[in-house]
file work.txt (compact mmCIF, C-alpha atoms)
# COMPACT_ATOMS: atom_id res chain seq x y z
CA MET A 24 -5.59 -23.12 1.84
CA LYS A 25 -8.08 -25.69 3.09
CA ILE A 26 -11.04 -26.39 0.83
CA ASP A 27 -14.42 -28.08 1.09
CA LEU A 28 -14.65 -29.80 -2.29
CA LEU A 29 -11.86 -31.09 -4.55
CA ALA A 30 -12.44 -32.50 -8.03
CA ILE A 31 -9.64 -34.72 -9.35
CA ALA A 32 -9.43 -35.51 -13.07
CA PRO A 33 -6.79 -36.73 -15.51
CA HIS A 34 -6.94 -33.88 -18.06
CA PRO A 35 -7.77 -30.17 -18.22
CA ASP A 36 -11.48 -29.82 -19.22
CA ASP A 37 -12.56 -33.17 -17.71
CA VAL A 38 -13.87 -31.47 -14.57
CA GLU A 39 -15.79 -28.88 -16.57
CA LEU A 40 -17.45 -31.63 -18.61
CA THR A 41 -18.33 -33.98 -15.77
CA CYS A 42 -18.95 -31.88 -12.65
CA GLY A 43 -18.37 -28.24 -13.53
CA GLY A 44 -21.93 -27.25 -12.70
CA THR A 45 -21.66 -28.84 -9.28
CA LEU A 46 -18.45 -26.92 -8.52
CA ILE A 47 -20.11 -23.68 -9.60
CA LYS A 48 -23.15 -24.41 -7.43
CA MET A 49 -21.04 -25.22 -4.38
CA ALA A 50 -18.95 -22.06 -4.88
CA GLN A 51 -22.14 -20.04 -5.07
CA ALA A 52 -23.24 -21.66 -1.80
CA GLY A 53 -20.09 -20.34 -0.13
CA TYR A 54 -17.95 -23.48 -0.17
CA ARG A 55 -14.28 -23.39 -1.08
CA THR A 56 -13.73 -25.49 -4.20
CA GLY A 57 -10.64 -26.79 -5.96
CA ILE A 58 -9.49 -28.80 -8.97
CA LEU A 59 -6.50 -31.10 -9.31
CA ASP A 60 -5.65 -31.95 -12.93
CA LEU A 61 -3.24 -34.86 -13.09
CA THR A 62 -1.78 -34.22 -16.56
CA ARG A 63 -1.41 -31.34 -19.00
CA GLY A 64 -3.08 -33.29 -21.82
CA GLU A 65 0.11 -33.15 -23.85
CA THR A 66 -0.68 -36.16 -26.06
CA GLY A 67 -4.02 -34.73 -27.19
CA THR A 68 -4.55 -34.12 -30.89
CA ARG A 69 -5.57 -30.49 -30.42
CA GLY A 70 -3.89 -27.64 -28.61
CA THR A 71 -0.63 -27.53 -26.69
CA PRO A 72 0.05 -28.13 -22.99
CA GLU A 73 0.74 -24.42 -22.52
CA THR A 74 -2.51 -23.45 -24.23
CA ARG A 75 -4.53 -25.92 -22.20
CA LEU A 76 -3.04 -24.63 -18.95
CA ARG A 77 -4.08 -21.09 -19.85
CA GLU A 78 -7.55 -22.33 -20.79
CA ALA A 79 -7.83 -24.24 -17.52
CA ALA A 80 -6.93 -21.13 -15.54
CA ARG A 81 -9.59 -19.12 -17.36
CA ALA A 82 -12.21 -21.83 -16.79
CA ALA A 83 -11.31 -21.92 -13.09
CA ARG A 84 -11.97 -18.20 -12.79
CA ILE A 85 -15.35 -18.61 -14.47
CA MET A 86 -16.25 -21.39 -12.03
CA ARG A 87 -14.97 -19.35 -9.05
CA VAL A 88 -12.58 -22.14 -8.07
CA ARG A 89 -10.29 -21.15 -5.19
CA VAL A 90 -7.34 -23.30 -6.24
CA ARG A 91 -6.42 -25.25 -9.37
CA ARG A 92 -3.29 -27.40 -9.55
CA ASN A 93 -1.72 -29.52 -12.26
CA LEU A 94 0.63 -32.34 -11.26
CA SER A 95 2.08 -32.67 -14.80
CA LEU A 96 1.97 -36.45 -14.66
CA PRO A 97 2.44 -38.13 -18.09
CA ASP A 98 -0.68 -37.92 -20.23
CA ALA A 99 -1.85 -41.28 -21.64
CA HIS A 100 0.63 -42.97 -19.30
CA LEU A 101 -1.19 -42.75 -15.98
CA GLU A 102 -0.72 -45.93 -14.01
CA VAL A 103 -1.41 -46.97 -10.46
CA CYS A 104 1.95 -46.62 -8.76
CA ASP A 105 3.25 -45.30 -5.47
CA GLU A 106 4.91 -42.25 -7.04
CA TYR A 107 1.65 -40.94 -8.51
CA LYS A 108 -0.43 -41.84 -5.46
CA THR A 109 2.01 -40.02 -3.23
CA ALA A 110 1.89 -36.88 -5.37
CA ILE A 111 -1.92 -36.79 -5.15
CA ALA A 112 -1.99 -37.69 -1.45
CA GLU A 113 0.30 -34.80 -0.55
CA VAL A 114 -2.09 -32.36 -2.23
CA ILE A 115 -4.98 -33.94 -0.31
CA ARG A 116 -3.09 -33.49 2.96
CA GLU A 117 -2.37 -29.87 2.09
CA LEU A 118 -5.88 -28.88 0.95
CA GLN A 119 -7.81 -31.18 3.33
CA PRO A 120 -11.02 -31.42 1.26
CA HIS A 121 -14.11 -32.72 3.02
CA THR A 122 -15.48 -34.14 -0.26
CA VAL A 123 -13.60 -35.43 -3.30
CA ILE A 124 -15.01 -36.02 -6.79
CA LEU A 125 -13.25 -38.69 -8.87
CA PRO A 126 -13.80 -40.11 -12.36
CA TYR A 127 -15.94 -43.25 -12.51
CA TRP A 128 -13.85 -46.40 -12.13
CA GLU A 129 -14.68 -47.75 -15.61
CA GLY A 130 -14.32 -45.91 -18.91
CA ARG A 131 -13.05 -45.68 -22.46
CA HIS A 132 -9.83 -43.79 -21.69
CA PRO A 133 -7.28 -45.63 -19.52
CA ASP A 134 -6.28 -42.35 -17.87
CA HIS A 135 -9.81 -41.97 -16.53
CA TYR A 136 -10.16 -45.31 -14.77
CA ASN A 137 -6.55 -45.17 -13.59
CA ALA A 138 -7.16 -41.67 -12.21
CA SER A 139 -10.14 -43.06 -10.31
CA VAL A 140 -8.05 -45.75 -8.63
CA LEU A 141 -5.15 -43.36 -8.03
CA GLY A 142 -7.49 -40.82 -6.46
CA TYR A 143 -9.16 -43.33 -4.17
CA GLU A 144 -5.90 -44.87 -2.99
CA ALA A 145 -4.37 -41.41 -2.50
CA CYS A 146 -7.35 -40.43 -0.32
CA PHE A 147 -6.73 -43.56 1.75
CA ILE A 148 -2.98 -43.30 2.23
CA ALA A 149 -3.27 -39.57 2.99
CA GLY A 150 -4.90 -40.63 6.25
CA LEU A 151 -2.14 -43.02 7.30
CA LYS A 152 -0.10 -41.22 9.95
CA ASN A 153 3.09 -43.19 9.38
CA TYR A 154 2.96 -43.27 5.58
CA PRO A 155 6.02 -41.40 4.20
CA LEU A 156 4.23 -38.28 2.99
CA ALA A 157 4.68 -34.58 3.53
CA GLY A 158 2.05 -32.94 5.69
CA GLU A 159 -0.28 -33.96 8.49
CA ALA A 160 -2.39 -37.09 8.09
CA PHE A 161 -5.84 -36.33 6.68
CA ARG A 162 -8.54 -38.36 4.94
CA PRO A 163 -11.55 -36.91 3.07
CA PHE A 164 -14.98 -37.76 4.45
CA LYS A 165 -16.88 -38.35 1.20
CA ILE A 166 -16.00 -39.55 -2.30
CA LEU A 167 -18.29 -39.06 -5.30
CA TYR A 168 -17.67 -40.65 -8.70
CA ALA A 169 -18.69 -38.56 -11.73
CA ALA A 170 -20.98 -40.62 -13.96
CA ALA A 171 -20.93 -38.49 -17.11
CA TYR A 172 -18.42 -40.53 -19.15
CA ALA A 173 -19.74 -43.90 -17.98
CA ASP A 174 -22.69 -46.05 -18.99
CA VAL A 175 -24.04 -46.14 -15.46
CA ARG A 176 -27.17 -44.92 -13.71
CA PRO A 177 -26.23 -42.41 -11.00
CA ASN A 178 -27.57 -42.73 -7.48
CA VAL A 179 -26.90 -39.04 -6.73
CA ALA A 180 -27.83 -36.10 -8.94
CA VAL A 181 -27.20 -32.38 -8.47
CA ASP A 182 -29.58 -29.85 -10.04
CA ILE A 183 -27.44 -27.49 -12.13
CA THR A 184 -30.22 -25.80 -14.07
CA ARG A 185 -29.26 -22.35 -12.77
CA GLN A 186 -25.55 -23.08 -13.27
CA TYR A 187 -25.86 -24.60 -16.73
CA GLU A 188 -25.03 -21.47 -18.76
CA GLN A 189 -22.04 -20.71 -16.56
CA ARG A 190 -20.83 -24.27 -17.04
CA LYS A 191 -21.10 -23.77 -20.82
CA LEU A 192 -19.10 -20.57 -20.46
CA ALA A 193 -16.37 -22.46 -18.58
CA LEU A 194 -16.29 -25.06 -21.37
CA SER A 195 -15.97 -22.31 -23.96
CA ALA A 196 -12.64 -21.39 -22.35
CA TYR A 197 -11.20 -24.49 -24.07
CA ALA A 198 -11.21 -23.02 -27.56
CA SER A 199 -8.33 -25.27 -28.63
CA GLN A 200 -10.43 -28.35 -27.93
CA PHE A 201 -13.97 -27.40 -28.92
CA ARG A 202 -13.46 -24.70 -31.58
CA PRO A 203 -10.72 -26.04 -33.86
CA PRO A 204 -9.50 -23.89 -36.76
CA LYS A 205 -11.56 -24.04 -39.95
CA GLY A 206 -10.11 -26.43 -42.45
CA GLU A 207 -8.48 -28.57 -39.79
CA ARG A 208 -7.20 -31.69 -41.47
CA ARG A 209 -9.21 -34.72 -40.50
CA SER A 210 -7.33 -37.85 -39.51
CA HIS A 211 -8.49 -41.45 -39.66
CA VAL A 212 -9.01 -41.32 -35.89
CA THR A 213 -12.40 -40.04 -34.80
CA LEU A 214 -12.06 -37.34 -32.16
CA PRO A 215 -14.73 -37.74 -29.45
CA LEU A 216 -14.24 -34.01 -28.76
CA ASP A 217 -16.20 -33.21 -31.91
CA ARG A 218 -19.41 -34.28 -30.22
CA LEU A 219 -18.39 -34.33 -26.59
CA GLU A 220 -19.99 -31.02 -25.59
CA ASP A 221 -23.28 -32.12 -27.17
CA ARG A 222 -23.05 -35.46 -25.40
CA MET A 223 -22.44 -33.81 -22.06
CA SER A 224 -25.43 -31.52 -22.59
CA ALA A 225 -27.57 -34.53 -23.45
CA ALA A 226 -26.31 -36.26 -20.31
CA ALA A 227 -27.20 -33.18 -18.22
CA ARG A 228 -30.73 -33.28 -19.62
CA TYR A 229 -31.00 -37.01 -18.92
CA TYR A 230 -29.77 -36.67 -15.33
CA GLY A 231 -32.16 -33.75 -14.93
CA GLN A 232 -35.09 -35.92 -16.01
CA LEU A 233 -34.17 -38.44 -13.33
CA ILE A 234 -34.82 -35.87 -10.60
CA GLY A 235 -37.46 -33.73 -12.30
CA VAL A 236 -35.34 -30.71 -13.26
CA LYS A 237 -34.01 -29.38 -16.57
CA TYR A 238 -30.28 -30.05 -16.10
CA ALA A 239 -28.31 -32.08 -13.56
CA GLU A 240 -24.96 -33.80 -13.06
CA GLY A 241 -24.91 -37.43 -11.99
CA PHE A 242 -22.67 -39.15 -9.48
CA VAL A 243 -22.24 -42.58 -7.95
CA VAL A 244 -21.46 -43.31 -4.31
CA LYS A 245 -20.56 -46.77 -3.08
CA GLU A 246 -22.06 -46.47 0.39
CA ALA A 247 -25.66 -46.07 1.57
CA PHE A 248 -27.06 -42.66 2.46
CA GLU A 249 -28.53 -41.96 5.87
CA VAL A 250 -31.95 -40.27 5.75
CA GLU A 251 -33.44 -38.67 8.85
CA ASP A 252 -36.81 -37.56 7.47
CA VAL A 253 -38.45 -39.89 4.93
CA VAL A 254 -41.46 -37.56 4.66
CA LYS A 255 -39.34 -34.73 3.20
CA MET A 256 -37.26 -36.82 0.77
CA PRO A 257 -37.03 -35.10 -2.65
CA VAL A 258 -37.78 -36.50 -6.14
CA ARG A 259 -41.20 -38.01 -6.81
CA SER A 260 -41.39 -41.81 -7.01
CA ILE A 261 -44.58 -42.07 -9.08
call {"tool": "encode", "arguments": {"input": "work.txt", "output": "structure tokens"}}
result
Amino acid sequence: MKIDLLAIAPHPDDVELTCGGTLIKMAQAGYRTGILDLTRGETGTRGTPETRLREAARAARIMRVRVRRNLSLPDAHLEVCDEYKTAIAEVIRELQPHTVILPYWEGRHPDHYNASVLGYEACFIAGLKNYPLAGEAFRPFKILYAAAYADVRPNVAVDITRQYEQRKLALSAYASQFRPPKGERRSHVTLPLDRLEDRMSAAARYYGQLIGVKYAEGFVVKEAFEVEDVVKMPVRSI
């Protein structure tokens, strides 16, 4: 299956938190969307790999994602190496996405910034005809970097006001992560998951304010955008 938009992230639930609304919106617009999770999240404090895979499949159905894959690379051990790049690049050649969403290239979790580099380099080598990969050479046209986990001002924002409740529903599929059992023993390590959903909602409101809507998801692109009609450009300047 060839798709239009592929989101690549290190762990199940990362896509839902950073760009789930955008995937829902693009699916509603008729585009074929997909998700590539690099690991099963097996080193996480909550849940099991098997549980998280089931939750990811349910979330994908809620978001109307056409295809969701998991490469089962080692969680908390992602590193930029040829083996991992090749695995991602072969999926890119198979699915041939026009646009790819990657994590931002800086972040708290090493898996996130390593996934960003792995994803970019995989997109590049997938287009090298003589690189030893399965499939026909193909390179995505556009790469967006999800800004939600990063302390960065996005230069692209997608209005997800109408998709916001459906995004919340997709997040609720991850009961093991966001609805832990009552009486769960607290460790000395603070779990960002305890407040992560609230933080992502606050981020959606902030990105929405940047473009004059209620909720949005923010992205960064490294290249300039071409604009044909400066009279019809959206978002008020003053």
call {"tool": "closest_residue", "arguments": {"input": "work.txt", "among": "A:Ala80, A:Ile124, A:Ile234, A:Ile166", "to": "Thr45 of chain A", "atoms": "only C-alpha atoms"}}
result
A:Ile124
call {"tool": "atom_distance", "arguments": {"input": "work.txt", "atom1": "atom CA of Ile47 of chain A", "atom2": "atom CA of Asp27 of chain A"}}
result
12.9 Å
call {"tool": "closest_residue", "arguments": {"input": "work.txt", "among": "A:Pro33, A:Tyr54, A:Phe164, A:Val88", "to": "His132 of chain A", "atoms": "all atoms listed in the file"}}
result
A:Pro33
call {"tool": "closest_residue", "arguments": {"input": "work.txt", "among": "A:Lys191, A:Lys245, A:Arg259, A:Arg162", "to": "Pro177 of chain A", "atoms": "all atoms listed in the file"}}
result
A:Lys245
call {"tool": "closest_residue", "arguments": {"input": "work.txt", "among": "A:Leu192, A:Val244, A:Ala30, A:Ala170", "to": "Tyr127 of chain A", "atoms": "all atoms listed in the file"}}
result
A:Ala170
call {"tool": "closest_residue", "arguments": {"input": "work.txt", "among": "A:Met256, A:Ile115, A:Leu46, A:Val236", "to": "Leu156 of chain A", "atoms": "all atoms listed in the file"}}
result
A:Ile115
call {"tool": "atom_distance", "arguments": {"input": "work.txt", "atom1": "atom CA of Pro257 of chain A", "atom2": "atom CA of Thr122 of chain A"}}
result
21.7 Å
call {"tool": "closest_residue", "arguments": {"input": "work.txt", "among": "A:His34, A:Lys48, A:His121, A:Arg116", "to": "Pro97 of chain A", "atoms": "all atoms listed in the file"}}
result
A:His34
